[in-house]
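Here is the structure we will look at.
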Amino acid sequence: DTIKVGVIAEFSGPFAMYGKQYREAIEAYVAKHGKQAGDHTIEFIYKDVGGSNPDVAKTLAQELLIREEVDYLAGFTFTPNALAVAPLIDQSETPTVIFNAATSSINKGSPYFLRSSYTLWQVTAPLADWAYDQGLKTVVTAVSDYGPGIDAEKAFKAAFEKKGGKVIDAIRMPVATTDFTPFIQRVRGQSPNAVFAFLPGGPPTFGFTKTYNENGLAAAGIRFLGTAETEESNLQALGDAAIGLTTAFHYSAAHGSNLAREFNETLRDRFSGAIANWASVGAYDGTHLIYEMAKAAGSDGPKALEAVKALKWESPRGPLEMDPETRTVRQNVYIRDVERDKDSGLLVNREKGVIATVGDLGWSQ
Amino acid sequence: MPLLLNIAVDGIAYGMILFMISVGLSVTMGLMRVINLAHGAFALIGGALAHAFTLKAGLGYLAAVPLAIVLVVLMALACERLLFRRIYRLGELQQVLATIGLTFMVIAVVSRLLGSSLLAIPLPGILQQSIDLGFRVLPLHRLLVILLGVAVITALYLAIERSRFGARLRAAVDNRNIASALGINTDATYAATFCLGAGLAALGGILGAELLPIDAYYPLRYMVLFLIVVSVGGLGSISGSFAAAIALGILETASRYLITDVGTIVFFAIVMALLAVRPAGLLGKA
Amino acid sequence: MSTQDLALPRSRLRSARFPLLPEAAILALAVSAYYVFPYDLALITRFLVMMLFVLSLDLVLGYAGIATLGHAALYGTGAYAAGLFAVHVSGNPVIGLAVGAAAGGLLAFVSGLLLMRAHGLTLLMLSIAVTLICQEIANKARDLTGGADGLRGIRMEPLIGLFKFDFVGRTGYWYALAVLCLCYALLKIVTSSPLGLSIRGIKDSAARMVAIGSPVYWRLVTVYTIGGAIAGVAGALAAQVTQLVSLEVYAFNLSAEALIMLILGGAGRLHGAIVGVVIFMTVHHVAAAVDPFNWLFIIGALILGIVFFVPAGILGLPKALTDLVRRNHDARP
Amino acid sequence: MQGLEVRSLRKAFGGLTVAEGIDFDLPPGARKALIGPNGAGKTTFANLVTGKLTPSGGTIRFDGADLGALGEAARVKRGIAKTFQITTLFRTLTVRENIRLPILERLGRGGRLFGRAACNAAVEDEIEMLLDQLALISLADKPVHSLAYGQQRLVELALTLALKPRVIILDEPAAGVPSSESHLIVQAIERLPGDLAVLIIEHDMDLVFRVAHSIVVLVNGRILTEGTPDEISRDPRVRQLYLGGAHD
Amino acid sequence: MTDVVLSLQNVTAGYGQTHILRSLSLRIERSERVAVIGRNGAGKTTMLSTVMGLTRLHGGKIGLGGDDISHLAPHQRSMRGLGLVPQTRDIFPSLTVEENLTAVIRGNASLDEAYALFPRLKERRRNGGTQLSGGEQQMLAIARTLMTEPSIVMLDEPLEGLAPVICEQLMSAFEQLAADGRRTVILVEQRASAALAFATRAIVITNGSIVYDGSTDALKQQPELLERHIGVAQT
Ligand SMILES: Nc1ncnc2c1ncn2[C@@H]1O[C@H](COP(=O)(O)OP(=O)(O)OP(=O)(O)O)[C@@H](O)[C@H]1O
Ligand SMILES: Nc1ncnc2c1ncn2[C@@H]1O[C@H](COP(=O)(O)OP(=O)(O)OP(=O)(O)O)[C@@H](O)[C@H]1O
Ligand SMILES: [Mg+2]
Ligand SMILES: [Mg+2]
């Protein structure tokens with residue numbers, strides 16, 4: 001029989017990149033493992049939400065569940081979209097794999113949520129620990145003034161101060177900021193050892209890193225610490241300004257394992273110009289979860305959930321393990337520096353250190 | 001004291017970038033009175049071409065930028081002949097609709113061809129450096145924008161607010177039929193002005209890309225920003241846009257320095273207050 | 001700016017003979033949609049909510065000529081008000097709607113006191129600024145609104161104690177349709193009332209309205225408040241049906257799309273708003289399903305086509321066609 | 001005294017003074033004309049009285065009450081109305097709807113939310129009457145923008161008459177109306193209630209002489225003289241500054 | 001061979017689909033002074049704006065000095081010597097008085113000429129175009145058209161709103177212009193008396209058609225004709 005999976009993601013609009021990456025990753029997975037999961041044929045149905053649109057997400061989920069009778073849902077880049085479907089998946093007992101949305105508390109919205117990506121706390125707290133251990137004792141945080149940014153600020157501060165470090169200033173930058181100079185100047189004025197930044201991808205990240213560089217912060221010995229800022233799909237656009245930025249994240253396309261190389265190659269072979277980043281790997285591992293669930297339980301939601309709640313497997317990002325409590329994967333967090341790769345001439349996130357298997361540290365916050 | 005100096009320096013530098021990216025709109029919307037929401041689309045095309053020329057075709061910055069602008073002007077000319085010539089005569093709401101429709105199509109084409117991620121336009125080495133002002137550093141690139149901004153405002157002031165061409169253009173905008181009946185070639189006047197606006201959009205898009213990076217959704221993302229500058233400046237006045245851009249640049253920078261937390265709210269509240277007191281904008285003609 | 005010859009003597013005659021013909025037809029279609037698309041009720045419900053929103057914009061913009069790009073402020077405020085009411089006070093949907101209407105109306109009234117003094121580009125900007133300020137406040141008040149994560153925890157009680165909001169969305173559909181009909185009727189009354197005539201007068205010539213002794217400013221504030229209340233109802237309805245409110249209710253896109261839909265259908269007549277929504281959202285939905293990557297291009301082309309070939313909106317199509325036929329007829333010697 | 005009383009009225013636009021020390025009375029029932037060279041300040045005077053412009057000095061009283069603080073609309077409510085020199089109409093509305101608006105407004109119904117605008121028999125009758133008076137019946141259901149200019153001038157007058165004002169200021173009501181139809185205007189004025197005060201600003205001397213009982217001559221913002229039509233047409237200063245050789 | 005400068009052949013024109021002018025034919029010779037009269041809405045303005053190219057020509061031909069100009073844009077017609085003073089004046093509001101003139105000035109025309117004709121305008125030359133009084137706007141509209149040095153001046157009710165003394169001056173100025181052979185003047189005027197006093201030839205339009213075309217004197221002799229077509233008996 002056929003098991004249907006509805007993927008709700010962005011295939012149009014400013015975030016269309018995500019949908020494209022999910023799809024490519026799913027197809028790469030299917031290419032490697034075939035359409036069969038156990039006795040079942042897996043079929044994916046893609047739906048476009050176009051951005052953070054909870055009402056559209058809910059409508060699409062309803063359509064998928066009622067008309068297409070899907071057995072699993074997947075996708076979800078933005079938190080509100082995921083939250084909007086919580087009541088539906090509760091009622092229909094549909095396991096739903098989140099490929100990206102990174103707010104810890106989503107999984108509290110329904111027991112049917114599983115997350116194959118990461119949470120903000122998961123990558124931020126280890127970064128703070130590591131920074132302290134590197135001898136960075138004073139930090140200024142500069143985050144975009146919206147939910148995820150503030151979560152990141154809190155996570156960093158909690159972890160850093162627990163270690164004994166000091167956050168000497170916490171700047172919240174309005175989301176609509178285009179010129180970051182004032183904030184960068186403010187950071188500079190306080191001469192911390194490092195600045196911890198959190199910005200939404202795209203233009204803000206571009207603007208912030210540019211300004212960080214142009215105003216000579218690196219030269220003044222103020223290090224840049226971040227998380228997703230140097231992710232691969234925008235990395236080349238940042239240009240030389242990105243070199244030397246330090247980030248902690250769960251995935252780097254330059255991860256050294258064979259599985260990672262293979263994943264990259266599959267993607268690149270199948271789709272010209274495809275770039276692997278954390279969204280691709282989130283979808284790739286999410287697809288793995290769905291396959292495992294389908295294999296074990298077909299279309300029986302609760303049983304499927306049971307089957308994978310402590311699943312362990314090796315992913316292109318490293319070893320993964322489902323946490324039965326938080327339903328978010330436990331994974332390695334890597335400390336990376338941006339470098340220009342000698343062979344390809346491209347910028348890469350070079351892994352410099354590993355913080356082994358971290359769970360969702362934000363769950364109990 | 002250094003704080004005030006910082007605000008002044010950064011505010012003016014930012015204001016000048018605001019001016020450069022919105023002056024084209026001030027020409028098409030302010031002078032020609034077309035609600036031209038496609039302004040950003042021309043900036044986007046300029047930026048996308050510059051991106052393709054530098055990164056894909058390997059041209060140098062100094063060759064790529066003028067080439068991109070020239071191409072945008074040519075495209076604008078074609079666009080004017082095919083579409084805008086008819087758009088001028090429509091009602092305001094229809095103009096909104098038509099130019100948004102056009103913008104959608106440009107976005108769709110750019111994202112089809114170049115994807116929806118950032119389209120970087122790498123600066124040449126010299127422009128990436130910074131100069132030391134003594135109390136702080138200023139990126140050289142911003143200095144260039146300031147100088148170009150001054151050049152543009154001077155040229156436009158002379159060409160439009162002080163010249164016969166300007167008077168003929170304003171006459172044509174006030175009443176096309178009558179202007180035409182009095183011997184003004186309104187079609188040509190409009191076409192020339194429109195191309196000027198589009199060329200300035202492209203120039204502003206490329207130069208402003210260091211702060212407002214180009215990507216396919218650029219025209220929608222920054223539409224409000226362009227509109228704010230033009231409306232605060234006042235329709236029909238290039239010097240108004242200039243004054244507004246600098247004022248807004250300083251205002252925004254000051255709010256970022258001084259009242260980070262409620263900066264956005266205060267910024268818009270001040271813009272509202274300003275427009276409430278001066279509904280025609282800083283230098284607008286009522 | 002050019003004014004379209006909107007009032008056609010002939011169509012006036014026709015509508016005089018069958019005064020509610022277009023409305024009856026639309027209602028029949030809406031009811032039959034329930035049976036024809038039983039699996040798409042959620043989608044159709046979104047259509048209905050959007051119709052309500054665009055109708056309120058039609059009153060404000062189509063009739064009174066208040067050019068705003070900040071209508072989402074009223075919608076969003078209605079949505080948050082109804083959402084917060086449901087979370088903290090009561091899950092009664094009807095009272096929730098009233099709260100949404102009150103919130104939308106109140107914001108419209110307060111902001112209208114300033115906005116109605118402006119016009120043209122200044123008005124556009126002011127209305128956008130109001131929306132951005134609302135959005136920033138909602139973003140800042142994270143503890144109350146959930147910020148970027150969205151306001152959750154909205155649970156609705158059964159409608160008038162009888163009908164549970166079901167999984168398939170049947171109750172939601174009928175509920176939205178009923179609310180839409182009520183608001184439509186209200187708008188029908190308002191637009192043909194003396195107030196309705198006087199706002200059309202203001203749109204044509206505010207100077208003359210003043211000269212005949214009309215308190216133009218207060219008329220505009222009144223109409224804007226009514227429009228705000230209806231937009232608030234639309235927002236509240238969306239909040240209740242989705243059971244989540246996110247910051248996107250204040251998105252600039254929402255205002256802009258509503259404007260597009262309105263002009264697409266034909267501003268200044270109520271059924272124009274309905275037709276515009278159906279066309280835009282259907283094209284959007286179908287195009288996005290068939291080819292999400294290019295749907296924007298299709299929408300853009302559709303908009304351009306409409307503006308150029310039927311500038312009075314889709315409802316102007318019959319006239320445009322007859323004109324075309326007659327012109328061809330004329331061309332023959 | 002009742003009616004309109006203007007004392008030492010002054011108005012300057014920047015450095016240009018267009019009204020200076022104007023004393024002017026318009027008692028109920030008056031039929032006065034205001035004439036003067038182009039740019040003398042006639043329209044400005046009318047705008048000061050209706051409240052469209054704020055005076056730089058002086059007072060305007062109506063029935064003893066100072067109008068200084070009242071806005072334009074409030075003065076209309078008190079009964080002071082004017083026609084526009086440059087036609088200002090509701091262009092997309094029909095002639096009938098154009099006239100309906102001021103009537104509803106006058107009756108205080110303009111802001112009503114309920115009840116159809118077009119369903120009050122008394123109002124509709126009044127519209128019919130006005131249309132008839134100005135020979136506009138055949139155009140009643142045409143949108144105003146499709147009317148010829150001269151026809152629009154008649155609608156312009158109809159709008160103001162519909163307000164049933166107590167003081168009516170007609171700013172060049174006959175401009176653009178052919179001589180063949182200016183009798184309609186004369187008749188409309190003659191038919192106005194006897195206690196209504198009329199001030200007519202007009203360059204068509206035939207019309208002025210037919211309507212006005214008294215003529216005020218304004219030159220460079222100051223009143224030059226006031227008198228009966230006879231006196232005025234014989235006054236050599238007026239002839240030189242304004243009338244020229246005609247109207248002997 | 002007469003010197004025909006402007007000719008209309010079976011001109012049909014109007015707004016949108018409605019015909020206002022119905023198959024109108026007309027020939028005007030150099031330095032003629034023509035008065036066009038007719039009731040409200042007869043189509044006088046429409047005729048002038050059709051000649052200027054501002055109203056859509058549905059059929060027929062318009063000739064200027066021997067060339068067919070039916071398909072030329074208004075500004076090209078202006079370049080060939082047509083000039084129109086619009087009935088609605090249409091001053092450019094965002095230009096000052098002086099700019100209104102300089103924006104269109106060409107050939108040997110000079111501002112001084114305009115200011116000599118209308119001293120009032122000189123006093124107001126820094127004013128915005130719409131800050132003028134009604135009559136001043138009318139003066140500006142006339143002066144503006146003269147700045148384009150038209151060989152055929154079409155005036156659409158130019159006397160409207162002007163003080164009687166100015167009207168007299170203006171009419172004599174136009175008589176002079178026509179007399180020295182530099183200009184052909186077509187005057188649309190509601191005040192039949194003024195128009196007939198000025199013109200040598202009269203054209204009466206009713207319902208978009210010409211019902212009388214002949215000398216002014218002959219028309220003056222036939223009060224019943226005037227009565228019939230424009231509803232006013234000459235007194
Ligand atoms: N807003 C303004 N700013 C500056 N000057 C103005 C303004 N309005 C009018 N004027 C000037 O004031 C003078 C008087 O104008 P007004 O309109 O009162 O004249 P008028 O007597 O009505 O003339 P007409 O008979 O030509 O209509 C004119 O010279 C005009 O240029
Ligand atoms: N823009 C327009 N759209 C539609 N019809 C119009 C338009 N302008 C004028 N008309 C119609 O054309 C006819 C002729 O108008 P026109 O203005 O040419 O008359 P006219 O002889 O100049 O009259 P007047 O003496 O009043 O100026 C009128 O019946 C009028 O209703
Ligand atoms: Mg006047
Ligand atoms: Mg006319």
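Numbering starts fresh at 1 for the residues of each chain in the structure tokens, the chains themselves are lettered A, B, ... in the order given, and ligands are numbered from 1 as they appear.
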
Inset, instruction - Write out as a ChimeraX atom specification each polymer residue (protein, DNA or RNA) that has an atom no more than 7 Å from ligand 3, with only C-alpha atoms and all ligand atoms counted. - result: /D:39,42-43,85,171 /E:133-135

Inset, instruction - Check the DSSP output for the backbone and give back, as an MDAnalysis selection string, the residues of stretch 119-173 of chain A in helix (DSSP H, G or I). - result: chainID A and resid 120:133 147:163

Can you write just those residues out, N, CA and C atoms, as a short mmCIF file (atom, residue, chain, number, x, y, z; two decimals), in the first residue's frame?
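Contents of result.cif, as written:
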data_model
loop_
_atom_site.label_atom_id
_atom_site.label_comp_id
_atom_site.auth_asym_id
_atom_site.auth_seq_id
_atom_site.Cartn_x
_atom_site.Cartn_y
_atom_site.Cartn_z
N LEU A 120 17.12 26.46 19.33
CA LEU A 120 18.05 27.56 19.55
C LEU A 120 18.96 27.30 20.75
N TRP A 121 18.35 26.79 21.83
CA TRP A 121 19.14 26.53 23.03
C TRP A 121 20.21 25.47 22.74
N GLN A 122 19.84 24.53 21.92
CA GLN A 122 20.71 23.40 21.67
C GLN A 122 22.06 23.84 21.10
N VAL A 123 22.04 24.85 20.24
CA VAL A 123 23.31 25.27 19.66
C VAL A 123 23.92 26.47 20.38
N THR A 124 23.09 27.27 21.05
CA THR A 124 23.60 28.50 21.66
C THR A 124 24.34 28.25 22.96
N ALA A 125 23.74 27.43 23.82
CA ALA A 125 24.36 27.20 25.12
C ALA A 125 25.75 26.58 24.97
N PRO A 126 25.92 25.57 24.12
CA PRO A 126 27.27 25.03 23.94
C PRO A 126 28.26 26.08 23.45
N LEU A 127 27.78 27.00 22.61
CA LEU A 127 28.67 28.04 22.11
C LEU A 127 29.17 28.89 23.28
N ALA A 128 28.24 29.22 24.19
CA ALA A 128 28.62 30.05 25.34
C ALA A 128 29.67 29.32 26.19
N ASP A 129 29.43 28.05 26.43
CA ASP A 129 30.38 27.26 27.22
C ASP A 129 31.76 27.28 26.57
N TRP A 130 31.73 27.00 25.29
CA TRP A 130 32.99 26.91 24.56
C TRP A 130 33.73 28.24 24.61
N ALA A 131 32.97 29.33 24.40
CA ALA A 131 33.58 30.65 24.38
C ALA A 131 34.30 30.92 25.69
N TYR A 132 33.62 30.58 26.79
CA TYR A 132 34.23 30.83 28.09
C TYR A 132 35.53 30.04 28.22
N ASP A 133 35.44 28.79 27.76
CA ASP A 133 36.63 27.94 27.87
C ASP A 133 37.78 28.47 27.01
N GLY A 147 11.17 36.97 18.62
CA GLY A 147 11.17 35.75 19.41
C GLY A 147 12.47 34.97 19.41
N PRO A 148 12.87 34.44 18.25
CA PRO A 148 14.07 33.61 18.21
C PRO A 148 15.31 34.35 18.71
N GLY A 149 15.43 35.61 18.36
CA GLY A 149 16.59 36.38 18.78
C GLY A 149 16.66 36.47 20.30
N ILE A 150 15.49 36.71 20.89
CA ILE A 150 15.48 36.87 22.34
C ILE A 150 15.74 35.53 23.02
N ASP A 151 15.22 34.45 22.45
CA ASP A 151 15.54 33.12 22.96
C ASP A 151 17.05 32.91 22.94
N ALA A 152 17.67 33.27 21.82
CA ALA A 152 19.10 33.06 21.69
C ALA A 152 19.85 33.88 22.74
N GLU A 153 19.40 35.11 22.94
CA GLU A 153 20.06 35.97 23.93
C GLU A 153 19.98 35.33 25.32
N LYS A 154 18.78 34.87 25.64
CA LYS A 154 18.60 34.28 26.97
C LYS A 154 19.47 33.04 27.14
N ALA A 155 19.46 32.20 26.09
CA ALA A 155 20.22 30.95 26.18
C ALA A 155 21.70 31.26 26.36
N PHE A 156 22.19 32.22 25.59
CA PHE A 156 23.62 32.51 25.68
C PHE A 156 23.97 33.03 27.05
N LYS A 157 23.18 33.97 27.50
CA LYS A 157 23.46 34.64 28.78
C LYS A 157 23.43 33.62 29.93
N ALA A 158 22.40 32.79 29.92
CA ALA A 158 22.27 31.81 31.00
C ALA A 158 23.50 30.91 31.06
N ALA A 159 23.86 30.39 29.89
CA ALA A 159 24.97 29.44 29.88
C ALA A 159 26.29 30.15 30.19
N PHE A 160 26.46 31.34 29.63
CA PHE A 160 27.74 32.02 29.76
C PHE A 160 27.96 32.48 31.20
N GLU A 161 26.90 32.97 31.81
CA GLU A 161 27.07 33.48 33.17
C GLU A 161 27.16 32.34 34.16
N LYS A 162 26.55 31.20 33.80
CA LYS A 162 26.66 30.04 34.69
C LYS A 162 28.12 29.63 34.79
N LYS A 163 28.80 29.76 33.66
CA LYS A 163 30.21 29.41 33.62
C LYS A 163 31.06 30.42 34.39
#

Inset, instruction - Find the residues around stretch 244-256 of chain B up to 9 Å (only C-alpha atoms counted), leave out those fewer than 3 positions away in its own chain, and share them as an NGL selection string. - result: (:A and (173-174 or 177 or 179-183)) or (:B and (4 or 7-20 or 22 or 228-234 or 239-241 or 259-264 or 266-267 or 270-271 or 281-283))

Compute the chain C side of the contact with chain D at 10 Å, counting only C-alpha atoms, and hand it back as a PDB file with C-alpha atoms, in the first residue's frame.
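For reference, out-v4.pdb as written:
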ATOM      1  CA  THR C   3     -12.205  58.907 -14.023  1.00  0.00           C
ATOM      2  CA  GLN C   4     -13.859  55.884 -15.433  1.00  0.00           C
ATOM      3  CA  ASP C   5     -17.384  56.127 -16.506  1.00  0.00           C
ATOM      4  CA  LEU C   6     -18.584  53.741 -13.855  1.00  0.00           C
ATOM      5  CA  ALA C   7     -22.263  54.371 -13.845  1.00  0.00           C
ATOM      6  CA  LEU C   8     -23.819  52.795 -16.848  1.00  0.00           C
ATOM      7  CA  PRO C   9     -27.399  53.842 -17.362  1.00  0.00           C
ATOM      8  CA  LEU C 186     -24.888  46.146   6.809  1.00  0.00           C
ATOM      9  CA  LEU C 187     -22.582  47.577   4.175  1.00  0.00           C
ATOM     10  CA  LYS C 188     -25.364  47.528   1.631  1.00  0.00           C
ATOM     11  CA  ILE C 189     -27.437  49.637   3.968  1.00  0.00           C
ATOM     12  CA  VAL C 190     -24.587  51.973   4.784  1.00  0.00           C
ATOM     13  CA  THR C 191     -23.596  52.536   1.184  1.00  0.00           C
ATOM     14  CA  SER C 192     -27.071  53.419   0.021  1.00  0.00           C
ATOM     15  CA  SER C 193     -27.745  55.590   3.041  1.00  0.00           C
ATOM     16  CA  PRO C 194     -27.267  59.334   3.067  1.00  0.00           C
ATOM     17  CA  LEU C 195     -23.892  58.736   4.673  1.00  0.00           C
ATOM     18  CA  GLY C 196     -23.029  56.480   1.751  1.00  0.00           C
ATOM     19  CA  LEU C 197     -23.942  59.184  -0.714  1.00  0.00           C
ATOM     20  CA  SER C 198     -22.015  61.786   1.163  1.00  0.00           C
ATOM     21  CA  ILE C 199     -18.814  59.725   1.257  1.00  0.00           C
ATOM     22  CA  ARG C 200     -19.069  59.322  -2.487  1.00  0.00           C
ATOM     23  CA  GLY C 201     -19.432  63.074  -2.612  1.00  0.00           C
ATOM     24  CA  ILE C 202     -16.321  63.467  -0.503  1.00  0.00           C
ATOM     25  CA  LYS C 203     -14.433  61.159  -2.819  1.00  0.00           C
ATOM     26  CA  ASP C 204     -15.411  63.323  -5.772  1.00  0.00           C
ATOM     27  CA  SER C 205     -14.851  66.704  -4.209  1.00  0.00           C
ATOM     28  CA  ALA C 206     -14.111  67.223  -0.569  1.00  0.00           C
ATOM     29  CA  ALA C 207     -13.951  70.977  -1.141  1.00  0.00           C
ATOM     30  CA  ARG C 208     -17.523  71.058  -2.330  1.00  0.00           C
ATOM     31  CA  MET C 209     -18.693  68.878   0.520  1.00  0.00           C
ATOM     32  CA  VAL C 210     -17.302  71.416   2.935  1.00  0.00           C
ATOM     33  CA  ALA C 211     -19.027  74.147   0.985  1.00  0.00           C
ATOM     34  CA  ILE C 212     -22.403  72.503   1.390  1.00  0.00           C
ATOM     35  CA  GLY C 213     -21.875  72.401   5.117  1.00  0.00           C
ATOM     36  CA  SER C 214     -20.854  68.817   5.543  1.00  0.00           C
ATOM     37  CA  PRO C 215     -18.526  67.885   8.394  1.00  0.00           C
ATOM     38  CA  VAL C 216     -16.235  66.072   5.997  1.00  0.00           C
ATOM     39  CA  TRP C 218     -16.087  63.502  10.902  1.00  0.00           C
ATOM     40  CA  ARG C 219     -17.848  61.731   8.073  1.00  0.00           C
ATOM     41  CA  THR C 222     -17.150  57.618  10.920  1.00  0.00           C
ATOM     42  CA  VAL C 223     -16.725  55.628   7.754  1.00  0.00           C
TER      43      VAL C 223
END

Inset, instruction - Residues up to 6 Å from ligand 4, counting only C-alpha atoms and all ligand atoms: could you list those as a ChimeraX atom specification? - result: /D:149 /E:44-45

Inset, instruction - Return as a ChimeraX atom specification every polymer residue, whether protein, DNA or RNA, with at least one atom no more than 8 Å from an atom of ligand 2; count only C-alpha atoms and all ligand atoms. - result: /D:145-152,176-178 /E:14-16,18,20,37-47,87,156-157,189-190,205,207-208

Inset, instruction - Fewer than 4 positions away in the same chain doesn't count, so skip those; otherwise give me all residues within 12 Å of B:Gly183, counting only C-alpha atoms, as a ChimeraX atom specification. - result: /B:168,171-172,176-179,187-189 /E:52-53,72-84,103-107,144-150

Resulting file, chosen residues, C-alpha atoms, as a PDB file, in the first residue's frame:
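Dumped to again-v9.pdb:
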ATOM      1  CA  ARG B 168       8.196  71.649 -19.322  1.00  0.00           C
ATOM      2  CA  ALA B 171       3.755  71.389 -17.151  1.00  0.00           C
ATOM      3  CA  ALA B 172       3.337  68.031 -18.872  1.00  0.00           C
ATOM      4  CA  ARG B 176      -0.663  66.472 -20.496  1.00  0.00           C
ATOM      5  CA  ASN B 177      -3.201  67.457 -23.078  1.00  0.00           C
ATOM      6  CA  ILE B 178      -2.771  71.139 -22.665  1.00  0.00           C
ATOM      7  CA  ALA B 179       1.009  70.900 -22.466  1.00  0.00           C
ATOM      8  CA  ASP B 187       5.826  61.660 -24.888  1.00  0.00           C
ATOM      9  CA  ALA B 188       9.502  62.357 -25.247  1.00  0.00           C
ATOM     10  CA  THR B 189       9.634  64.356 -22.042  1.00  0.00           C
TER      11      THR B 189
ATOM     12  CA  MET E  52      -5.986  70.606 -31.837  1.00  0.00           C
ATOM     13  CA  GLY E  53      -5.928  66.816 -31.641  1.00  0.00           C
ATOM     14  CA  LEU E  72      -0.461  64.328 -35.909  1.00  0.00           C
ATOM     15  CA  ALA E  73      -0.012  64.606 -32.175  1.00  0.00           C
ATOM     16  CA  PRO E  74      -1.145  67.867 -30.580  1.00  0.00           C
ATOM     17  CA  HIS E  75       2.393  69.112 -30.060  1.00  0.00           C
ATOM     18  CA  GLN E  76       3.149  68.611 -33.743  1.00  0.00           C
ATOM     19  CA  ARG E  77       0.077  70.600 -34.635  1.00  0.00           C
ATOM     20  CA  SER E  78       1.211  73.300 -32.270  1.00  0.00           C
ATOM     21  CA  MET E  79       4.588  73.348 -33.988  1.00  0.00           C
ATOM     22  CA  ARG E  80       2.812  73.912 -37.267  1.00  0.00           C
ATOM     23  CA  GLY E  81       1.144  77.000 -35.961  1.00  0.00           C
ATOM     24  CA  LEU E  82      -2.074  75.986 -34.276  1.00  0.00           C
ATOM     25  CA  GLY E  83      -2.744  77.546 -30.927  1.00  0.00           C
ATOM     26  CA  LEU E  84      -5.622  76.917 -28.532  1.00  0.00           C
ATOM     27  CA  ALA E 103       7.852  76.618 -20.513  1.00  0.00           C
ATOM     28  CA  VAL E 104       6.157  77.008 -23.896  1.00  0.00           C
ATOM     29  CA  ILE E 105       7.840  80.067 -25.348  1.00  0.00           C
ATOM     30  CA  ARG E 106       9.377  79.714 -28.783  1.00  0.00           C
ATOM     31  CA  GLY E 107      10.375  81.597 -31.905  1.00  0.00           C
ATOM     32  CA  ARG E 144       0.616  81.497 -22.806  1.00  0.00           C
ATOM     33  CA  THR E 145      -0.836  80.478 -26.116  1.00  0.00           C
ATOM     34  CA  LEU E 146       0.509  83.620 -27.751  1.00  0.00           C
ATOM     35  CA  MET E 147       3.992  82.620 -26.572  1.00  0.00           C
ATOM     36  CA  THR E 148       3.859  79.716 -29.020  1.00  0.00           C
ATOM     37  CA  GLU E 149       3.495  82.201 -31.906  1.00  0.00           C
ATOM     38  CA  PRO E 150       0.503  80.510 -33.468  1.00  0.00           C
TER      39      PRO E 150
END

Inset, instruction - May I have the residues within 12 Å of C:Phe308 as a ChimeraX atom specification, using only C-alpha atoms and disregarding those fewer than 3 positions away in the same chain? - result: /B:82-91,94-95,97-99,101 /C:264,301-305,311-314,316-317,320

Inset, instruction - Compute the set of protein, DNA and RNA residues whose minimum atom distance to ligand 1 is at most 7 Å, using only C-alpha atoms and all ligand atoms, and state it as a VMD selection string. - result: (chain D and resid 13 16 18 36 to 45) or (chain E and resid 124 127 131 to 136 161 to 163)

Inset, instruction - Do a neighbour search on C:Ile274 at 6 Å with only C-alpha atoms, toss out local chain neighbours closer than 3 positions, and write the hits as an MDAnalysis selection string. - result: chainID C and resid 51 271 277

Could those selected residues go to a file with N, CA and C atoms, as a PDB file, in the first residue's frame?
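Result file is selection-v2.pdb:
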ATOM      1  N   MET C  51     -12.956  37.951   1.891  1.00  0.00           N
ATOM      2  CA  MET C  51     -14.016  38.773   1.297  1.00  0.00           C
ATOM      3  C   MET C  51     -14.475  39.834   2.278  1.00  0.00           C
ATOM      4  N   HIS C 271     -20.241  43.972  -4.667  1.00  0.00           N
ATOM      5  CA  HIS C 271     -19.975  42.626  -5.195  1.00  0.00           C
ATOM      6  C   HIS C 271     -18.647  42.588  -5.934  1.00  0.00           C
ATOM      7  N   VAL C 277     -11.890  38.870  -4.788  1.00  0.00           N
ATOM      8  CA  VAL C 277     -11.296  37.876  -3.895  1.00  0.00           C
ATOM      9  C   VAL C 277     -11.338  36.500  -4.545  1.00  0.00           C
TER      10      VAL C 277
END
